[in-house]
>>> print(open('start.cif').read())   # mmCIF, C-alpha atoms
data_protein
#
loop_
_atom_site.label_atom_id
_atom_site.label_comp_id
_atom_site.auth_asym_id
_atom_site.auth_seq_id
_atom_site.Cartn_x
_atom_site.Cartn_y
_atom_site.Cartn_z
CA MET A 37 11.63 14.14 0.45
CA SER A 38 9.75 12.39 -2.36
CA SER A 39 9.65 8.62 -2.65
CA GLU A 40 11.70 8.88 -5.85
CA ALA A 41 14.37 10.95 -4.07
CA THR A 42 14.35 8.53 -1.12
CA ARG A 43 14.82 5.59 -3.48
CA GLY A 44 17.67 7.43 -5.22
CA LEU A 45 19.38 8.04 -1.90
CA ALA A 46 18.90 4.37 -0.93
CA LEU A 47 20.44 3.31 -4.25
CA ASP A 48 23.37 5.66 -3.62
CA PHE A 49 23.99 4.16 -0.17
CA ALA A 50 23.64 0.63 -1.58
CA SER A 51 26.23 1.37 -4.27
CA GLN A 52 28.65 2.60 -1.60
CA ILE A 53 28.14 -0.54 0.47
CA ALA A 54 28.34 -3.29 -2.16
CA PRO A 55 28.59 -3.89 -5.91
CA ALA A 56 25.54 -3.21 -8.06
CA GLY A 57 22.82 -5.81 -7.66
CA CYS A 58 24.00 -7.13 -4.30
CA ILE A 59 21.46 -5.12 -2.33
CA ASP A 60 17.77 -4.94 -3.18
CA ILE A 61 15.91 -1.68 -2.65
CA ARG A 62 12.27 -2.18 -1.69
CA ARG A 63 9.44 0.09 -0.67
CA PHE A 64 9.23 0.45 3.08
CA PHE A 65 6.33 2.54 4.34
CA GLY A 66 7.39 6.10 3.37
CA GLY A 67 10.97 5.10 2.60
CA SER A 68 13.18 2.50 0.99
CA ALA A 69 14.50 -0.69 2.60
CA LEU A 70 18.00 -2.12 2.06
CA VAL A 71 17.69 -5.91 1.73
CA ARG A 72 20.32 -8.61 1.24
CA ASN A 73 19.42 -12.31 0.90
CA GLY A 74 15.90 -11.52 2.06
CA ALA A 75 17.08 -9.81 5.26
CA GLN A 76 16.34 -6.12 5.76
CA PHE A 77 19.40 -4.61 7.42
CA GLY A 78 18.66 -0.93 6.89
CA PHE A 79 16.41 1.67 5.35
CA VAL A 80 16.30 5.28 4.24
CA MET A 81 13.51 7.42 5.65
CA LYS A 82 13.18 11.20 5.21
CA GLY A 83 16.77 11.48 3.97
CA THR A 84 18.32 9.52 6.84
CA LEU A 85 20.05 6.14 6.60
CA TYR A 86 19.15 3.77 9.44
CA LEU A 87 20.93 0.47 10.07
CA ARG A 88 19.89 -2.52 12.15
CA VAL A 89 21.99 -2.62 15.31
CA ASP A 90 23.08 -5.15 17.88
CA ALA A 91 23.97 -4.14 21.44
CA ALA A 92 27.55 -3.17 20.57
CA MET A 93 26.55 -1.07 17.55
CA ARG A 94 23.76 0.59 19.53
CA ALA A 95 26.28 1.68 22.15
CA GLU A 96 28.65 3.02 19.47
CA PHE A 97 25.89 4.90 17.68
CA GLU A 98 24.58 6.36 20.93
CA ALA A 99 28.12 7.47 21.86
CA ASP A 100 28.20 9.30 18.50
CA GLY A 101 24.91 11.02 19.34
CA SER A 102 22.74 8.95 16.98
CA GLU A 103 19.15 8.21 17.84
CA PRO A 104 16.86 5.29 17.12
CA PHE A 105 14.28 5.47 14.39
CA SER A 106 11.04 6.94 15.70
CA TYR A 107 7.59 7.78 14.42
CA ARG A 108 4.30 9.07 15.76
CA ALA A 109 1.35 6.71 16.10
CA ALA A 110 -1.89 7.09 18.01
CA GLY A 111 -0.70 10.41 19.42
CA ARG A 112 2.53 9.10 20.90
CA GLU A 113 6.18 8.77 19.88
CA VAL A 114 7.27 5.20 19.10
CA MET A 115 11.01 4.47 19.23
CA VAL A 116 12.37 1.50 17.29
CA HIS A 117 15.61 0.55 19.04
CA ARG A 118 16.56 -2.05 16.42
CA TYR A 119 17.42 0.68 13.89
CA TYR A 120 19.64 3.71 14.50
CA ALA A 121 20.53 6.69 12.32
CA VAL A 122 24.00 6.26 10.85
CA PRO A 123 26.43 8.92 12.14
CA ALA A 124 27.65 11.43 9.54
CA HIS A 125 31.31 10.42 9.96
CA VAL A 126 30.36 6.84 9.02
CA ILE A 127 28.49 7.95 5.90
CA ASP A 128 31.51 10.08 4.89
CA ASP A 129 33.90 7.09 5.12
CA PRO A 130 33.10 4.38 2.51
CA ALA A 131 35.16 1.68 4.25
CA LEU A 132 33.54 2.42 7.60
CA LEU A 133 30.07 2.53 6.04
CA HIS A 134 30.71 -0.87 4.44
CA SER A 135 31.90 -2.25 7.80
CA TYR A 136 28.81 -0.99 9.61
CA ALA A 137 26.53 -2.34 6.88
CA GLU A 138 28.23 -5.72 7.25
CA ARG A 139 27.64 -5.61 10.99
CA ALA A 140 24.02 -4.55 10.44
CA LEU A 141 23.51 -7.52 8.15
CA HIS A 142 24.86 -9.84 10.84
CA ALA A 143 22.58 -8.16 13.40
CA THR A 144 19.59 -9.34 11.35
CA SER A 145 20.54 -12.98 11.97
CA THR A 146 18.48 -14.83 14.49
CA PRO A 147 19.22 -18.20 16.10
CA GLY A 148 18.46 -20.86 13.54
CA HIS A 149 18.60 -18.37 10.63
CA ARG A 150 22.07 -18.10 9.16
CA LEU A 151 22.73 -15.64 6.37
CA ALA A 152 24.55 -17.39 3.54
CA ASP A 153 26.47 -14.42 2.16
CA THR A 154 27.83 -11.30 3.72
CA LEU A 155 28.38 -8.02 1.98
CA GLN A 156 32.12 -8.59 2.18
CA ALA A 157 31.81 -11.94 0.40
CA ALA A 158 29.63 -10.31 -2.23
CA THR A 159 32.26 -7.63 -2.73
CA THR A 160 35.03 -10.12 -3.37
CA SER A 161 33.01 -12.38 -5.66
CA GLY A 162 31.56 -9.49 -7.63
#
>>> encode(input="start.cif", output="structure tokens")
Amino acid sequence: MSSEATRGLALDFASQIAPAGCIDIRRFFGGSALVRNGAQFGFVMKGTLYLRVDAAMRAEFEADGSEPFSYRAAGREVMVHRYYAVPAHVIDDPALLHSYAERALHATSTPGHRLADTLQAATTSG
């Protein structure tokens, strides 16, 4: 998938998650990152949407058969357990996709770093 096609897919997912302009799309290695308020909560790589997960989301995604993002480096497979492929049934349900994106955004928070806005707040304020 070309970088232009990956960016287009990322823009499509972003438009399903929140109103236009609420999510920034940035280059991310060979894909496109989904960023809100400076926090990357997901990305599109090789046609697959990955979201940042917490322990509860990881368990749900694994139960649905999703796998963590992985890549090859130095002759070995590296698994990134912070990001999981979004299950097809979530992508097919706009309300569920929005809910998972909201949860992914919250999963990017770290102690001492509070995200000011959530996707839901952005949706209601336009």
>>> closest_residue(input="start.cif", among="A:Arg88, A:Arg112, A:Arg94, A:His134", to="Val71 (chain A)", atoms="all atoms listed in the file")
A:Arg88
>>> resolve_selection(input="start.cif", expression="the PyMOL selection byres ((chain A and resi 53) around 7)", output="mmCIF file with C-alpha atoms, in the coordinates of the input")
data_model
loop_
_atom_site.group_PDB
_atom_site.id
_atom_site.type_symbol
_atom_site.label_atom_id
_atom_site.label_comp_id
_atom_site.auth_asym_id
_atom_site.auth_seq_id
_atom_site.Cartn_x
_atom_site.Cartn_y
_atom_site.Cartn_z
ATOM 1 C CA PHE A 49 23.990 4.160 -0.170
ATOM 2 C CA ALA A 50 23.640 0.630 -1.580
ATOM 3 C CA SER A 51 26.230 1.370 -4.270
ATOM 4 C CA GLN A 52 28.650 2.600 -1.600
ATOM 5 C CA ALA A 54 28.340 -3.290 -2.160
ATOM 6 C CA LEU A 133 30.070 2.530 6.040
ATOM 7 C CA HIS A 134 30.710 -0.870 4.440
ATOM 8 C CA ALA A 137 26.530 -2.340 6.880
#
>>> residues_around(input="start.cif", residues="Ala69 (chain A)", least_positions_apart="4", cutoff="9 Å", atoms="only C-alpha atoms", output="short mmCIF file (atom, residue, chain, number, x, y, z; two decimals) with C-alpha atoms, in the coordinates of the input")
data_model
loop_
_atom_site.label_atom_id
_atom_site.label_comp_id
_atom_site.auth_asym_id
_atom_site.auth_seq_id
_atom_site.Cartn_x
_atom_site.Cartn_y
_atom_site.Cartn_z
CA ARG A 43 14.82 5.59 -3.48
CA ALA A 46 18.90 4.37 -0.93
CA ASP A 60 17.77 -4.94 -3.18
CA ILE A 61 15.91 -1.68 -2.65
CA ARG A 62 12.27 -2.18 -1.69
CA ARG A 63 9.44 0.09 -0.67
CA PHE A 64 9.23 0.45 3.08
CA PHE A 65 6.33 2.54 4.34
CA GLN A 76 16.34 -6.12 5.76
CA PHE A 77 19.40 -4.61 7.42
CA GLY A 78 18.66 -0.93 6.89
CA PHE A 79 16.41 1.67 5.35
CA VAL A 80 16.30 5.28 4.24
CA MET A 81 13.51 7.42 5.65
#
>>> atom_distance(input="start.cif", atom1="CA of Ala121 (chain A)", atom2="CA of Gly66 (chain A)")
15.9 Å
>>> resolve_selection(input="start.cif", expression="the PyMOL selection byres ((chain A and resi 123) around 7)", output="ChimeraX atom specification")
/A:97,100,102,121-122,124-127
>>> write_last_selection(input="start.cif", atoms="C-alpha atoms", output="short mmCIF file (atom, residue, chain, number, x, y, z; two decimals), keeping the file's coordinate frame")
data_model
loop_
_atom_site.label_atom_id
_atom_site.label_comp_id
_atom_site.auth_asym_id
_atom_site.auth_seq_id
_atom_site.Cartn_x
_atom_site.Cartn_y
_atom_site.Cartn_z
CA PHE A 97 25.89 4.90 17.68
CA ASP A 100 28.20 9.30 18.50
CA SER A 102 22.74 8.95 16.98
CA ALA A 121 20.53 6.69 12.32
CA VAL A 122 24.00 6.26 10.85
CA ALA A 124 27.65 11.43 9.54
CA HIS A 125 31.31 10.42 9.96
CA VAL A 126 30.36 6.84 9.02
CA ILE A 127 28.49 7.95 5.90
#
>>> residues_around(input="start.cif", residues="Leu45 (chain A)", least_positions_apart="6", cutoff="9 Å", atoms="all atoms listed in the file", output="list in words")
Ser68, Val80, Gly83, Thr84 and Leu85 of chain A
>>> atom_distance(input="start.cif", atom1="CA of Leu70 (chain A)", atom2="CA of Ala110 (chain A)")
27.1 Å
>>> atom_distance(input="start.cif", atom1="CA of Val89 (chain A)", atom2="CA of His117 (chain A)")
8.0 Å
